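K.L.:
Next up is a structure, given as structure tokens.
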Amino acid sequence: MPPTDRSFARRGFLTGATALTGAALLGGTAQATGTQQSAWPAAFPLPNGFQPEGITIGSAPFAYFGSLANGDIYRASLATGRGSVISKGLGASHPTVGLKTDRHGRLFLAGGVSGELRTVNSRTGEIEKVYATDGTFVNDVILTPGAAWFTDSFRAVLHKLLLDRYGAPLTVETVPLTGDWEQGDDFTANGIERTPDGSALLVVNAVANGGGLMRVDPATGVARAVDLHDAKLPNGDGLLLLGRILYAVQQQQNAIDVFRLNAAGTRGTAITRITDPRFRIPTTVAAWGRRLYLPNARFDVEPAPDTEYDAVAVDRV
């Protein structure tokens, strides 16, 4: 789906003193063994008409998906592929785009064209809080100690939702992006992660240098281009960091580009590309055990109530 349609597709073609520690950011403790997980489905359906975009997996083998159609949250068992809607959204003008879950069972949702930041209790499905911003397309989210950070695709800012010591949301701040940040006339910022050493944030910029990554100082908002050598991310979407390995979904290319980063996240080397015939414009990625899970957004078809959607699993590098 072209990035100019702000009501449909989120991702077009495309603190100074406190370090952002990796352990606090990676959900999941006990993971399935390879033998056990190999018996789990490598693909499973999502509801017809759901229009999936974001995915997150926490400390249990369940994936949560957000709906662009109406903001619903669907939870699926990775062991069986079966699931259900656990939280009803606020309607067509309040999509759920990127989302993340924390260790307290709270979901953080990026509200796309609504400009909202929302939190949901993943156990009850209750929408806990809704924060309005002056954002034009709140896109993706990453959790760090003390904050949830959201990208905005049409403005050179990050939205910072401050969290208390128990992970409960407090207030929202806007952090302007400066330095090497290049804001295009259209869809620019997309997926967000943190650096391996936890000192900074990584943000997809679909415009600068033909598409790539920016390393953002969370204390100042100053962005510097990450040296990926000749690699480009013009269709870069969701990001996932596991150790020093960064997975970057290139949605329209039906591929995941894999990089090995240095600790500070200032340089990265492309090590492989993952493709699969089951990819139908995947957007985001989450991990459990030795597998990566991705929703197929199917941005190449006009969505309808009977449009079929699914999620697929591929092996990690």
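Identifiers in the structure tokens: chain A, B, ... in order shown; residue index from 1 per chain; ligand index from 1 in order shown.
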Would you list, as a PyMOL selection string, the residues of stretch 112-170 of chain A that end up in strand (DSSP E) under DSSP run on this structure's backbone?

P.N.:
chain A and resi 116-121+127-132+138-144+147-152+157-163+169-170

K.L.:
Tell me which protein, DNA and RNA residues are within 6 Å of stretch 258-272 of chain A, counting only C-alpha atoms, leaving out same-chain ones fewer than 5 positions away, and put them as a PyMOL selection string.

P.N.:
chain A and resi 195-197+226-228+244-247

K.L.:
Kindly assemble as a Markdown table a list of the stretch 95-134 of chain A residues that lie within 9 Å of stretch 46-57 of chain A, each paired with its nearest atom pair and their distance in Å to one decimal, using only C-alpha atoms, sorted first by chain and then by ascending residue number.

P.N.:
```
| residue | atom | partner | partner_atom | distance |
| --- | --- | --- | --- | --- |
| A:Thr96 | CA | A:Gly54 | CA | 7.6 |
| A:Val97 | CA | A:Gly54 | CA | 5.5 |
| A:Gly98 | CA | A:Gly54 | CA | 4.4 |
| A:Leu99 | CA | A:Gly54 | CA | 5.8 |
| A:Lys100 | CA | A:Thr56 | CA | 5.3 |
| A:Thr101 | CA | A:Thr56 | CA | 6.4 |
| A:Leu107 | CA | A:Thr56 | CA | 8.9 |
```

K.L.:
Go ahead and write the selection's residues with C-alpha atoms as a PDB file, in the first residue's frame.

P.N.:
```pdb
ATOM      1  CA  THR A  96      -3.410  -0.294  16.203  1.00  0.00           C
ATOM      2  CA  VAL A  97      -0.118  -0.204  14.342  1.00  0.00           C
ATOM      3  CA  GLY A  98       3.052  -1.173  16.250  1.00  0.00           C
ATOM      4  CA  LEU A  99       2.743  -2.716  19.720  1.00  0.00           C
ATOM      5  CA  LYS A 100       4.924  -4.106  22.495  1.00  0.00           C
ATOM      6  CA  THR A 101       4.227  -5.993  25.713  1.00  0.00           C
ATOM      7  CA  LEU A 107       0.476  -3.689  25.954  1.00  0.00           C
TER       8      LEU A 107
END
```

K.L.:
Write out as JSON, numbers by chain all residues of stretch 82-289 of chain A that backbone DSSP assigns to helix (DSSP H, G or I).

P.N.:
{"A": [208, 209, 210, 251, 252, 253]}

K.L.:
Write a file of the just-selected residues containing C-alpha atoms, as a compact mmCIF listing (two decimals), in the first residue's frame.

P.N.:
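The new file result-v9.txt reads:
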```
# COMPACT_ATOMS: atom_id res chain seq x y z
CA ALA A 208 17.89 9.44 4.09
CA ASN A 209 20.57 7.92 1.83
CA GLY A 210 17.98 5.87 -0.02
CA GLN A 251 7.95 -5.34 3.53
CA GLN A 252 7.43 -4.75 -0.20
CA GLN A 253 10.51 -6.86 -0.92
```

K.L.:
Near A:Gly184, within 8 Å and counting only C-alpha atoms, which residues show up once chain neighbours fewer than 4 positions away are dropped, as a list in words?

P.N.:
Phe154, Thr188 and Val207 of chain A

K.L.:
May I have the selected residues written with N, CA and C atoms, as a tab-separated table (two decimals), in the first residue's frame?

P.N.:
```
chain	number	residue	atom	x	y	z
A	154	PHE	N	5.36	11.12	9.89
A	154	PHE	CA	5.27	12.34	9.10
A	154	PHE	C	5.82	13.56	9.84
A	188	THR	N	8.38	8.69	6.48
A	188	THR	CA	9.81	8.71	6.77
A	188	THR	C	10.19	7.74	7.88
A	207	VAL	N	13.95	7.64	3.95
A	207	VAL	CA	14.32	8.68	3.00
A	207	VAL	C	15.83	8.89	2.92
```

K.L.:
Please provide the set of residues having any atom within 8 Å of A:Pro176, restricted to only C-alpha atoms, with same-chain residues fewer than 4 positions apart removed, written as a PyMOL selection string.

P.N.:
chain A and resi 156-158+221

K.L.:
Point out the residue among A:Ala231, A:Gln37, A:Gly125, A:Arg278 with the least atom-to-atom distance to A:Arg291, counting only C-alpha atoms.

P.N.:
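Counting only C-alpha atoms, the residue closest to A:Arg291 is A:Gln37.
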
K.L.:
Which polymer residues have any atom within 9 Å of an atom of A:Ala79, counting only C-alpha atoms, with same-chain residues fewer than 3 positions away left out, as a PDB file with all heavy atoms, in the first residue's frame?

P.N.:
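Dumped to around.pdb:
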```pdb
ATOM      1  N   GLN A  36      10.404 -29.372  20.562  1.00  0.00           N
ATOM      2  CA  GLN A  36       9.016 -29.040  20.861  1.00  0.00           C
ATOM      3  C   GLN A  36       8.463 -28.037  19.859  1.00  0.00           C
ATOM      4  O   GLN A  36       7.379 -28.216  19.313  1.00  0.00           O
ATOM      5  CB  GLN A  36       8.909 -28.461  22.274  1.00  0.00           C
ATOM      6  CG  GLN A  36       7.512 -27.973  22.643  1.00  0.00           C
ATOM      7  CD  GLN A  36       7.506 -27.188  23.945  1.00  0.00           C
ATOM      8  OE1 GLN A  36       8.555 -26.775  24.431  1.00  0.00           O
ATOM      9  NE2 GLN A  36       6.333 -26.975  24.499  1.00  0.00           N
ATOM     10  N   GLN A  37       9.230 -26.990  19.584  1.00  0.00           N
ATOM     11  CA  GLN A  37       8.734 -25.931  18.724  1.00  0.00           C
ATOM     12  C   GLN A  37       8.574 -26.395  17.283  1.00  0.00           C
ATOM     13  O   GLN A  37       7.723 -25.871  16.552  1.00  0.00           O
ATOM     14  CB  GLN A  37       9.656 -24.711  18.783  1.00  0.00           C
ATOM     15  CG  GLN A  37       9.012 -23.450  18.224  1.00  0.00           C
ATOM     16  CD  GLN A  37       9.867 -22.227  18.456  1.00  0.00           C
ATOM     17  OE1 GLN A  37      11.022 -22.319  18.824  1.00  0.00           O
ATOM     18  NE2 GLN A  37       9.296 -21.065  18.234  1.00  0.00           N
ATOM     19  N   ALA A  39       7.210 -28.904  16.244  1.00  0.00           N
ATOM     20  CA  ALA A  39       5.874 -29.474  16.070  1.00  0.00           C
ATOM     21  C   ALA A  39       4.791 -28.406  16.066  1.00  0.00           C
ATOM     22  O   ALA A  39       3.636 -28.714  15.758  1.00  0.00           O
ATOM     23  CB  ALA A  39       5.601 -30.493  17.176  1.00  0.00           C
ATOM     24  N   TRP A  40       5.141 -27.187  16.392  1.00  0.00           N
ATOM     25  CA  TRP A  40       4.162 -26.106  16.384  1.00  0.00           C
ATOM     26  C   TRP A  40       3.919 -25.639  14.954  1.00  0.00           C
ATOM     27  O   TRP A  40       4.786 -25.791  14.085  1.00  0.00           O
ATOM     28  CB  TRP A  40       4.674 -24.935  17.221  1.00  0.00           C
ATOM     29  CG  TRP A  40       4.783 -25.240  18.693  1.00  0.00           C
ATOM     30  CD1 TRP A  40       4.508 -26.407  19.324  1.00  0.00           C
ATOM     31  CD2 TRP A  40       5.223 -24.335  19.704  1.00  0.00           C
ATOM     32  NE1 TRP A  40       4.750 -26.301  20.674  1.00  0.00           N
ATOM     33  CE2 TRP A  40       5.184 -25.036  20.939  1.00  0.00           C
ATOM     34  CE3 TRP A  40       5.654 -23.017  19.699  1.00  0.00           C
ATOM     35  CZ2 TRP A  40       5.544 -24.443  22.137  1.00  0.00           C
ATOM     36  CZ3 TRP A  40       6.016 -22.417  20.899  1.00  0.00           C
ATOM     37  CH2 TRP A  40       5.955 -23.119  22.099  1.00  0.00           C
ATOM     38  N   PRO A  41       2.767 -25.051  14.670  1.00  0.00           N
ATOM     39  CA  PRO A  41       2.483 -24.619  13.295  1.00  0.00           C
ATOM     40  C   PRO A  41       3.451 -23.532  12.836  1.00  0.00           C
ATOM     41  O   PRO A  41       3.787 -22.622  13.598  1.00  0.00           O
ATOM     42  CB  PRO A  41       1.050 -24.103  13.368  1.00  0.00           C
ATOM     43  CG  PRO A  41       0.824 -23.785  14.817  1.00  0.00           C
ATOM     44  CD  PRO A  41       1.636 -24.780  15.584  1.00  0.00           C
ATOM     45  N   PRO A  61       4.421 -18.191  25.266  1.00  0.00           N
ATOM     46  CA  PRO A  61       4.332 -18.395  23.813  1.00  0.00           C
ATOM     47  C   PRO A  61       2.979 -17.998  23.220  1.00  0.00           C
ATOM     48  O   PRO A  61       2.227 -18.826  22.705  1.00  0.00           O
ATOM     49  CB  PRO A  61       4.591 -19.903  23.668  1.00  0.00           C
ATOM     50  CG  PRO A  61       4.078 -20.497  24.937  1.00  0.00           C
ATOM     51  CD  PRO A  61       4.404 -19.485  25.997  1.00  0.00           C
ATOM     52  N   PHE A  62       2.695 -16.725  23.306  1.00  0.00           N
ATOM     53  CA  PHE A  62       1.500 -16.153  22.704  1.00  0.00           C
ATOM     54  C   PHE A  62       1.905 -14.894  21.940  1.00  0.00           C
ATOM     55  O   PHE A  62       2.686 -14.081  22.445  1.00  0.00           O
ATOM     56  CB  PHE A  62       0.453 -15.789  23.755  1.00  0.00           C
ATOM     57  CG  PHE A  62      -0.127 -16.987  24.463  1.00  0.00           C
ATOM     58  CD1 PHE A  62       0.456 -17.475  25.621  1.00  0.00           C
ATOM     59  CD2 PHE A  62      -1.252 -17.621  23.958  1.00  0.00           C
ATOM     60  CE1 PHE A  62      -0.070 -18.583  26.275  1.00  0.00           C
ATOM     61  CE2 PHE A  62      -1.784 -18.729  24.604  1.00  0.00           C
ATOM     62  CZ  PHE A  62      -1.191 -19.212  25.761  1.00  0.00           C
ATOM     63  N   ALA A  76      -2.804 -15.100  19.766  1.00  0.00           N
ATOM     64  CA  ALA A  76      -2.749 -16.452  19.220  1.00  0.00           C
ATOM     65  C   ALA A  76      -1.714 -17.272  19.974  1.00  0.00           C
ATOM     66  O   ALA A  76      -0.632 -16.782  20.303  1.00  0.00           O
ATOM     67  CB  ALA A  76      -2.388 -16.417  17.735  1.00  0.00           C
ATOM     68  N   ARG A  82      -4.187 -21.264  17.381  1.00  0.00           N
ATOM     69  CA  ARG A  82      -5.544 -20.798  17.640  1.00  0.00           C
ATOM     70  C   ARG A  82      -5.509 -19.537  18.500  1.00  0.00           C
ATOM     71  O   ARG A  82      -4.609 -19.349  19.317  1.00  0.00           O
ATOM     72  CB  ARG A  82      -6.371 -21.880  18.327  1.00  0.00           C
ATOM     73  CG  ARG A  82      -6.603 -23.107  17.449  1.00  0.00           C
ATOM     74  CD  ARG A  82      -7.626 -24.038  18.063  1.00  0.00           C
ATOM     75  NE  ARG A  82      -7.129 -24.647  19.301  1.00  0.00           N
ATOM     76  CZ  ARG A  82      -6.478 -25.794  19.352  1.00  0.00           C
ATOM     77  NH1 ARG A  82      -6.201 -26.458  18.233  1.00  0.00           N
ATOM     78  NH2 ARG A  82      -6.073 -26.288  20.509  1.00  0.00           N
TER      79      ARG A  82
END
```

K.L.:
Find the distance between atom CA of A:Glu173 and atom CA of A:Ile192 and write it in Å to one decimal.

P.N.:
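Going from atom CA of A:Glu173 over to atom CA of A:Ile192, I get 17.0 Å.
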
K.L.:
As an exercise, work out the distance from atom CA of A:Lys232 to atom CA of A:Ala206 in Å and give it to one decimal place.

P.N.:
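That distance, rounded to one decimal, is 9.0 Å.
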
K.L.:
Of the candidates A:Pro303, A:Thr178, A:Ala255, A:Asp140, which one gets nearest to A:Val204 if we count only C-alpha atoms?

P.N.:
A:Asp140

K.L.:
Under the rule that only C-alpha atoms are counted, which of A:Ala219, A:Leu241, A:Leu170, A:Val138 is the nearest residue to A:Ala189?

P.N.:
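Checking each candidate against A:Ala189, we get A:Val138 as the closest.
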
K.L.:
For A:Arg123, which residue out of A:Val285, A:Val203, A:Ala248, A:Val85 is the nearest one, using only C-alpha atoms?

P.N.:
A:Val85

K.L.:
Rank A:Arg298, A:Arg290, A:Lys129, A:Lys160 by their smallest atom-to-atom distance to A:Val314, using only C-alpha atoms, and report the top residue only.

P.N.:
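Using only C-alpha atoms, the shortest distance to A:Val314 belongs to A:Arg290.
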
K.L.:
Using Å and a single decimal, report how far atom CA of A:Leu202 sits from atom CA of A:Phe65.

P.N.:
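Straight-line distance from atom CA of A:Phe65 to atom CA of A:Leu202 works out to 22.2 Å.
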
K.L.:
Excluding stretch 113-119 of chain A and residues on its chain fewer than 6 positions from it, collect all residues at most 10 Å away from it, counting only C-alpha atoms, and give them as an NGL selection string.

P.N.:
:A and (6-10 or 68 or 92-97 or 99-101 or 106-107 or 125-139 or 141 or 148-150 or 152-153 or 159-161 or 168-169 or 172)

K.L.:
Which residues, written as a list in words, have at least one atom at most 9 Å from A:Ala42, with only C-alpha atoms counted and residues fewer than 3 positions away on the same chain left out?

P.N.:
Ser38, Ala39, Leu78, Gly81, Arg291, Tyr293, Ala311, Val312, Ala313 and Val314 of chain A
